[in-house]
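Trainee: Can you read through this structure? Questions will come right after.
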Amino acid sequence: MHLPRSEAVDPTEAAYLRAVIEAYSRQVPVLYVILTISAVALAASHLRVAPLALAVAAPAALIAICALRIVIWARRRNRPMDYATACKALRTANILGPLLGAAFLGWALALFQYGDPFLQAHVIFFCGFTVVSCIFCQLHARTAALGVTLAVVPALTLFLLTRGEPTLVAIGVNLALVSAAMVRMLFVHSRSFREMILGQLETKRLSDDNYRLANLDSLTALPNRRRFFARLDESIEAKGSRGRFVVGVIDLDGFKPINDLYGHIAGDKVLIEVGARLAEAAGDDAFISRLGGDEFAVIFAGRVSDAEALGIAERMCAALQAPFALQGVSAKISASVGLVSSDQCGDSAKVLYERADYALYFAKGARRGRPVIFSAEHETAIRRFNAIEQALMSADIDREFSLNYQPIVDAYTGKVSSLEALARWTSPTAGPVSPADFIPIAERSDLINRLTQTLLRRALADAAAWPDHVGLSFNLSARDLSPEAMLGIIGLVRGSGVDPRRLVFEITETAAMRDFALAEGALNALRALGAGVALDDFGAGHSSLTYVRLLPLDEIKIDRGFILDIERDPTSRDITKSMVDLCRNLKLACVIEGVETESQRDILAGLGCRLMQGYLFSHPLKAEDIPLRLGDALLAA
Ligand code: C2E
Ligand code: CA
Ligand code: CA
């Protein structure tokens, strides 16, 4: 084996050398033991015929060297050896092997002259046997084995051939041929040993690669979902020794539009940078991973307190708020974080994740852009959520659901412009449930599609009884925008006899954002039918003016959140004004939601708002109460 001296060692070669040394250190002691036993036997058989120097002193010296080598190699076993030491050990073996072989041969042949034919046969047996053992035991170290063979076999063969005794000549020839065959075997074996070791190294490399691929997110190079859950399991198991930890689930707000508007390459760039910013903000002790899409997760280990975790999570949110530079434009996103501490809940990674996810859901709804940690109230809310979900799954939609209608009023004339249908549910088990609670649950499955069908059919039947100039506004969910659901909706409208021009379908920004292309298709289909389309809750979510520009809209409903403070807060007034102006510029109708007081109405009217909706004008009404309660306001202006 060629032993490079250079400092820069090929790691494969280094690993191969280590494998050689390992195999060698297992077999070389055996070789020395064989040599020792054979030498003792040969010395013993010549004790009475040969001089003491040859029968005792010489073998004793040789055996001492063997014993020393046994000790040296035994000490090397199972000890990690660096490359340089391994090279040195093999080099010594390459030199010492032939020298020792020659010494043993010299000693044995020196005994030859003293014995009778039996003893001479013993000498020849000793020499031949030693050569075979040497090759055999050093199969992994070709150079050393070859060295010993060359040091012993030619000299021994020559010795035998020159004795002038036909039997010895025959033995010499035989020995030479057997040795040649053994050398060939040595070459074949050492080659296949090398191939085997290289194969093992390659297999290990591939399995390392596989491990990396299976556990790393290829885009951000962060640990992936699988690794995150494995780590979560480890953290739960080590909770006793390593203490409490906090898990966070991070979801980006406003990432989807970047993907939709600037393309996937830009989206990927943002995700990579998000990963880097999160990792930097979270610090070295946090374990950040990407769960998929725009969802990331973090584990804060090391007995972190809830307050500390919230603090770091705030920093992570803040880090994402700086704009992301994308080919010439800069995009903004924000993040919501749901946290849960390990001592809050059970011993299952699934439960922890679900609770962090629930806190996230809460963070998205209530405290956009701020982290929320799972608490006892969330626990209660989850129980209620589960109860509602159970009741909803087995609900009799026709019997348990009904509609209320809330007027949208022209504030200048006081006349009803249209009525918005709002779902109501009274469950036999859970009692009256707000749509704000059951709609999101229904939206998790195709239940929402059945609900939409039933309620729209009813709303259309009710609207047929209203004066022709009074419109019907109907809320749609993201799942209602699929082509199949759209076909059902369009079919219902066509079959109802209600003029589609009286209809406005409301969809929220979040629903439109879930799949922009789908939303665009659905809204175009509704407009082709003759119905109008309104963007609901404008400003409540992650508002993007680009969406307003790109979606085929007729109307915008400004979220009630904006006018809550309008009487006191000039900024609210300015924002509302600019939104009203925006609608005017884009030639979109504008409805202000949630008007509760006269002073709000007056301020809004002063800002140029005409269409309003809210408790000031009317609470949502049962269909049968509409003529009674709205009376004149329903009549044509
Ligand atoms: P939304 O479409 O924004 O409906 C307006 C909500 O604000 C209604 O709540 C209404 O009762 C309430 N509201 C109206 N005026 C005022 C006011 O002056 N002050 C206050 N504080 N609230 C006011 P509701 O009926 O609980 O509906 C909640 C949400 O549930 C709706 O919000 C809508 O997104 C969803 N939803 C309701 N019915 C349906 C439906 O049939 N289908 C779908 N997909 N979603 C629905
Ligand atoms: Ca609505
Ligand atoms: Ca709304």
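Order determines the names: the first chain of the structure tokens is A, the second B, and so forth; residues in each chain are numbered 1 upward, and ligands are numbered 1 upward as they are shown.
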Residues within 9 Å of ligand 1 should be enumerated using only C-alpha atoms and all ligand atoms and returned as an MDAnalysis selection string.
Mentor: chainID A and resid 403:406 420:424 434:440 442:443 448:449 451:452 455:456 474:478 480 506:508 536:537 557 559:560 593:597 613:620
Trainee: Leaving out range 81-88 of chain A and any residue of its chain fewer than 6 positions from it, which residues lie within 8 Å of it when counting only C-alpha atoms, given as a count of residues only?
Mentor: 5
Trainee: Near range 576-591 of chain A, within 6 Å and counting only C-alpha atoms, which residues show up once chain neighbours fewer than 4 positions away are dropped, as a ChimeraX atom specification?
Mentor: /A:554-557,607,611-612
Trainee: Please save N, CA and C atoms of the selected residues as a PDB file, in the first residue's frame.
Mentor:
```
ATOM      1  N   ASP A 554     -66.586  45.069  -7.294  1.00  0.00           N
ATOM      2  CA  ASP A 554     -67.553  46.146  -7.491  1.00  0.00           C
ATOM      3  C   ASP A 554     -67.675  47.003  -6.240  1.00  0.00           C
ATOM      4  N   GLU A 555     -67.283  46.407  -5.112  1.00  0.00           N
ATOM      5  CA  GLU A 555     -67.574  47.077  -3.841  1.00  0.00           C
ATOM      6  C   GLU A 555     -66.516  46.711  -2.809  1.00  0.00           C
ATOM      7  N   ILE A 556     -66.303  47.636  -1.874  1.00  0.00           N
ATOM      8  CA  ILE A 556     -65.399  47.344  -0.765  1.00  0.00           C
ATOM      9  C   ILE A 556     -66.147  47.624   0.523  1.00  0.00           C
ATOM     10  N   LYS A 557     -66.048  46.694   1.470  1.00  0.00           N
ATOM     11  CA  LYS A 557     -66.669  46.936   2.771  1.00  0.00           C
ATOM     12  C   LYS A 557     -65.554  47.200   3.780  1.00  0.00           C
ATOM     13  N   LEU A 607     -67.174  62.577   5.553  1.00  0.00           N
ATOM     14  CA  LEU A 607     -66.009  62.100   4.793  1.00  0.00           C
ATOM     15  C   LEU A 607     -66.419  61.642   3.393  1.00  0.00           C
ATOM     16  N   LEU A 611     -72.906  54.627   1.815  1.00  0.00           N
ATOM     17  CA  LEU A 611     -73.498  53.348   2.228  1.00  0.00           C
ATOM     18  C   LEU A 611     -72.926  52.916   3.576  1.00  0.00           C
ATOM     19  N   MET A 612     -73.810  52.602   4.507  1.00  0.00           N
ATOM     20  CA  MET A 612     -73.357  52.205   5.850  1.00  0.00           C
ATOM     21  C   MET A 612     -74.187  51.034   6.343  1.00  0.00           C
TER      22      MET A 612
END
```
Trainee: For the structure I just gave you, how does DSSP split range 238-327 of chain A - specifically, which residues are helix (DSSP H, G or I)? Reply as a PyMOL selection string.
Mentor: chain A and resi 239-242+255-262+264-282+306-321
Trainee: Skipping near chain neighbours, those fewer than 2 positions away, what residues fall within 12 Å of Val270 in chain A using only C-alpha atoms, listed as a VMD selection string?
Mentor: chain A and resid 219 to 220 252 254 to 259 262 to 268 272 to 278 293 to 294 320 322 to 327 330 to 334
Trainee: Go ahead and dump the residues you just picked, C-alpha atoms, as a tab-separated table (two decimals), in the first residue's frame.
Mentor:
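Just written: again02.tsv:
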```tsv
chain	number	residue	atom	x	y	z
A	219	LEU	CA	-34.65	25.65	0.45
A	220	THR	CA	-33.63	27.28	3.71
A	252	LEU	CA	-46.06	34.51	7.91
A	254	GLY	CA	-48.63	38.46	3.65
A	255	PHE	CA	-46.26	35.93	2.18
A	256	LYS	CA	-48.79	34.50	-0.27
A	257	PRO	CA	-49.24	37.77	-2.19
A	258	ILE	CA	-45.46	37.98	-2.69
A	259	ASN	CA	-45.51	34.54	-4.26
A	262	TYR	CA	-43.61	38.49	-7.83
A	263	GLY	CA	-43.32	34.77	-8.58
A	264	HIS	CA	-41.92	31.73	-6.83
A	265	ILE	CA	-38.29	32.71	-7.16
A	266	ALA	CA	-38.97	35.91	-5.23
A	267	GLY	CA	-41.04	33.88	-2.74
A	268	ASP	CA	-38.15	31.44	-2.25
A	272	ILE	CA	-34.56	31.91	2.78
A	273	GLU	CA	-34.13	35.35	4.28
A	274	VAL	CA	-36.96	34.74	6.75
A	275	GLY	CA	-35.13	31.60	7.91
A	276	ALA	CA	-31.90	33.54	8.35
A	277	ARG	CA	-33.56	36.44	10.18
A	278	LEU	CA	-35.47	34.12	12.49
A	293	GLY	CA	-44.79	26.58	3.06
A	294	ASP	CA	-44.58	29.77	5.08
A	320	LEU	CA	-39.36	40.07	9.95
A	322	ALA	CA	-38.03	45.10	7.96
A	323	PRO	CA	-38.75	45.18	4.21
A	324	PHE	CA	-37.44	42.40	1.95
A	325	ALA	CA	-35.62	43.64	-1.14
A	326	LEU	CA	-36.78	41.89	-4.33
A	327	GLN	CA	-35.61	42.85	-7.81
A	330	SER	CA	-39.36	45.97	-1.53
A	331	ALA	CA	-41.99	43.74	0.03
A	332	LYS	CA	-43.25	43.68	3.59
A	333	ILE	CA	-44.55	40.78	5.57
A	334	SER	CA	-45.18	40.14	9.21
```
Trainee: State, in Å with one decimal place, the distance from CA of Ser418 in chain A to CA of Ile490 in chain A.
Mentor: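 Taking CA of Ser418 in chain A as the start and CA of Ile490 in chain A as the end point, the length is 19.8 Å.
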Trainee: Output as an MDAnalysis selection string all residues of range 192-305 of chain A that backbone DSSP marks as strand (DSSP E).
Mentor: chainID A and resid 246:253 286:292 295:300
Trainee: How would the residues just chosen look if you wrote them out with C-alpha atoms as a PDB file, in the first residue's frame?
Mentor:
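What ended up in result21.pdb:
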```pdb
ATOM      1  CA  VAL A 246     -41.151  26.481  24.993  1.00  0.00           C
ATOM      2  CA  VAL A 247     -42.339  25.577  21.507  1.00  0.00           C
ATOM      3  CA  GLY A 248     -43.351  28.189  18.966  1.00  0.00           C
ATOM      4  CA  VAL A 249     -45.138  27.943  15.630  1.00  0.00           C
ATOM      5  CA  ILE A 250     -44.521  30.872  13.297  1.00  0.00           C
ATOM      6  CA  ASP A 251     -46.736  31.725  10.373  1.00  0.00           C
ATOM      7  CA  LEU A 252     -46.057  34.507   7.910  1.00  0.00           C
ATOM      8  CA  ASP A 253     -48.743  37.051   7.139  1.00  0.00           C
ATOM      9  CA  ALA A 286     -33.142  28.167  19.818  1.00  0.00           C
ATOM     10  CA  PHE A 287     -33.872  25.358  17.395  1.00  0.00           C
ATOM     11  CA  ILE A 288     -35.462  26.876  14.291  1.00  0.00           C
ATOM     12  CA  SER A 289     -37.035  24.726  11.612  1.00  0.00           C
ATOM     13  CA  ARG A 290     -39.225  25.183   8.567  1.00  0.00           C
ATOM     14  CA  LEU A 291     -42.344  23.069   8.744  1.00  0.00           C
ATOM     15  CA  GLY A 292     -43.349  23.765   5.155  1.00  0.00           C
ATOM     16  CA  GLU A 295     -44.757  27.969   8.405  1.00  0.00           C
ATOM     17  CA  PHE A 296     -41.725  27.864  10.677  1.00  0.00           C
ATOM     18  CA  ALA A 297     -41.251  26.526  14.191  1.00  0.00           C
ATOM     19  CA  VAL A 298     -38.891  27.090  17.068  1.00  0.00           C
ATOM     20  CA  ILE A 299     -37.957  25.293  20.271  1.00  0.00           C
ATOM     21  CA  PHE A 300     -36.527  27.421  23.079  1.00  0.00           C
TER      22      PHE A 300
END
```
Trainee: Could you tell me which of A:Pro407, A:Gly115, A:Gly106, A:Gly164 comes closest to ligand 2 if we count only C-alpha atoms and all ligand atoms?
Mentor: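 For ligand 2, the nearest of the given residues is A:Pro407.
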Trainee: What lies within 12 Å of Asn78 in chain A using only C-alpha atoms, ignoring chain neighbours under 4 positions off, as a ChimeraX atom specification?
Mentor: /A:18-19,21-26,73-74
Trainee: So that I can check the surroundings of Leu550 in chain A, please list as JSON, numbers by chain every protein, DNA and RNA residue that reaches within 10 Å of it, counting only C-alpha atoms and ignoring chain neighbours fewer than 5 positions away.
Mentor: {"A": [261, 516, 520, 545]}
Trainee: Can you work out which one of A:Ile373, A:Leu35, A:Leu52, A:Cys127 has the shortest atom-to-atom distance to Ala151 in chain A, counting only C-alpha atoms?
Mentor: A:Cys127
Trainee: Met182 in chain A: which residues within 10 Å, counting only C-alpha atoms, same-chain residues fewer than 2 positions away excluded, as a list of chain:residue names?
Mentor: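 Listed by chain and then number, they are A:Val131, A:Val132, A:Ile135, A:Phe136, A:Leu139, A:Leu146, A:Thr149, A:Ala176, A:Leu177, A:Val178, A:Ser179, A:Ala180, A:Arg184, A:Met185, A:Leu186, A:Phe187, A:Val188.
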Trainee: Write to file, as a PDB file, in the first residue's frame, the residues of the selection just made, with N, CA, C and O atoms.
Mentor:
```
ATOM      1  N   VAL A 131       6.096 -18.907   6.375  1.00  0.00           N
ATOM      2  CA  VAL A 131       5.792 -18.065   5.215  1.00  0.00           C
ATOM      3  C   VAL A 131       4.278 -18.025   4.981  1.00  0.00           C
ATOM      4  O   VAL A 131       3.675 -16.965   4.824  1.00  0.00           O
ATOM      5  N   VAL A 132       3.671 -19.247   4.982  1.00  0.00           N
ATOM      6  CA  VAL A 132       2.235 -19.312   4.720  1.00  0.00           C
ATOM      7  C   VAL A 132       1.471 -18.500   5.777  1.00  0.00           C
ATOM      8  O   VAL A 132       0.572 -17.716   5.458  1.00  0.00           O
ATOM      9  N   ILE A 135       1.846 -14.702   5.171  1.00  0.00           N
ATOM     10  CA  ILE A 135       1.001 -14.162   4.101  1.00  0.00           C
ATOM     11  C   ILE A 135      -0.451 -14.120   4.581  1.00  0.00           C
ATOM     12  O   ILE A 135      -1.168 -13.144   4.413  1.00  0.00           O
ATOM     13  N   PHE A 136      -0.860 -15.196   5.215  1.00  0.00           N
ATOM     14  CA  PHE A 136      -2.242 -15.334   5.618  1.00  0.00           C
ATOM     15  C   PHE A 136      -2.664 -14.266   6.620  1.00  0.00           C
ATOM     16  O   PHE A 136      -3.720 -13.666   6.515  1.00  0.00           O
ATOM     17  N   LEU A 139      -2.879 -10.501   5.132  1.00  0.00           N
ATOM     18  CA  LEU A 139      -3.596 -10.318   3.870  1.00  0.00           C
ATOM     19  C   LEU A 139      -4.025  -8.867   3.640  1.00  0.00           C
ATOM     20  O   LEU A 139      -4.150  -8.413   2.523  1.00  0.00           O
ATOM     21  N   LEU A 146       4.172  -9.094   1.363  1.00  0.00           N
ATOM     22  CA  LEU A 146       5.051  -9.300   0.212  1.00  0.00           C
ATOM     23  C   LEU A 146       6.510  -9.210   0.637  1.00  0.00           C
ATOM     24  O   LEU A 146       7.357 -10.001   0.202  1.00  0.00           O
ATOM     25  N   THR A 149       7.528 -12.386   2.306  1.00  0.00           N
ATOM     26  CA  THR A 149       7.630 -13.470   1.314  1.00  0.00           C
ATOM     27  C   THR A 149       8.933 -13.348   0.531  1.00  0.00           C
ATOM     28  O   THR A 149       9.657 -14.330   0.333  1.00  0.00           O
ATOM     29  N   ALA A 176       8.143 -22.773  -3.732  1.00  0.00           N
ATOM     30  CA  ALA A 176       8.151 -21.564  -4.567  1.00  0.00           C
ATOM     31  C   ALA A 176       6.804 -21.401  -5.261  1.00  0.00           C
ATOM     32  O   ALA A 176       6.232 -20.299  -5.313  1.00  0.00           O
ATOM     33  N   LEU A 177       6.274 -22.531  -5.804  1.00  0.00           N
ATOM     34  CA  LEU A 177       5.012 -22.445  -6.538  1.00  0.00           C
ATOM     35  C   LEU A 177       3.855 -22.078  -5.604  1.00  0.00           C
ATOM     36  O   LEU A 177       3.025 -21.222  -5.922  1.00  0.00           O
ATOM     37  N   VAL A 178       3.822 -22.739  -4.437  1.00  0.00           N
ATOM     38  CA  VAL A 178       2.744 -22.446  -3.482  1.00  0.00           C
ATOM     39  C   VAL A 178       2.816 -20.972  -3.069  1.00  0.00           C
ATOM     40  O   VAL A 178       1.798 -20.281  -2.994  1.00  0.00           O
ATOM     41  N   SER A 179       4.063 -20.488  -2.838  1.00  0.00           N
ATOM     42  CA  SER A 179       4.205 -19.093  -2.421  1.00  0.00           C
ATOM     43  C   SER A 179       3.710 -18.160  -3.509  1.00  0.00           C
ATOM     44  O   SER A 179       3.034 -17.165  -3.236  1.00  0.00           O
ATOM     45  N   ALA A 180       4.048 -18.497  -4.787  1.00  0.00           N
ATOM     46  CA  ALA A 180       3.591 -17.651  -5.893  1.00  0.00           C
ATOM     47  C   ALA A 180       2.061 -17.597  -5.891  1.00  0.00           C
ATOM     48  O   ALA A 180       1.452 -16.524  -6.050  1.00  0.00           O
ATOM     49  N   ARG A 184      -0.411 -14.374  -5.303  1.00  0.00           N
ATOM     50  CA  ARG A 184      -1.517 -13.963  -6.174  1.00  0.00           C
ATOM     51  C   ARG A 184      -2.793 -13.776  -5.338  1.00  0.00           C
ATOM     52  O   ARG A 184      -3.533 -12.807  -5.486  1.00  0.00           O
ATOM     53  N   MET A 185      -3.025 -14.726  -4.448  1.00  0.00           N
ATOM     54  CA  MET A 185      -4.202 -14.636  -3.586  1.00  0.00           C
ATOM     55  C   MET A 185      -4.160 -13.351  -2.752  1.00  0.00           C
ATOM     56  O   MET A 185      -5.165 -12.685  -2.534  1.00  0.00           O
ATOM     57  N   LEU A 186      -2.906 -13.032  -2.325  1.00  0.00           N
ATOM     58  CA  LEU A 186      -2.716 -11.828  -1.526  1.00  0.00           C
ATOM     59  C   LEU A 186      -3.173 -10.584  -2.297  1.00  0.00           C
ATOM     60  O   LEU A 186      -3.883  -9.735  -1.774  1.00  0.00           O
ATOM     61  N   PHE A 187      -2.786 -10.546  -3.582  1.00  0.00           N
ATOM     62  CA  PHE A 187      -3.162  -9.384  -4.396  1.00  0.00           C
ATOM     63  C   PHE A 187      -4.680  -9.297  -4.571  1.00  0.00           C
ATOM     64  O   PHE A 187      -5.281  -8.249  -4.416  1.00  0.00           O
ATOM     65  N   VAL A 188      -5.270 -10.478  -4.917  1.00  0.00           N
ATOM     66  CA  VAL A 188      -6.725 -10.489  -5.134  1.00  0.00           C
ATOM     67  C   VAL A 188      -7.435 -10.044  -3.857  1.00  0.00           C
ATOM     68  O   VAL A 188      -8.325  -9.194  -3.867  1.00  0.00           O
TER      69      VAL A 188
END
```
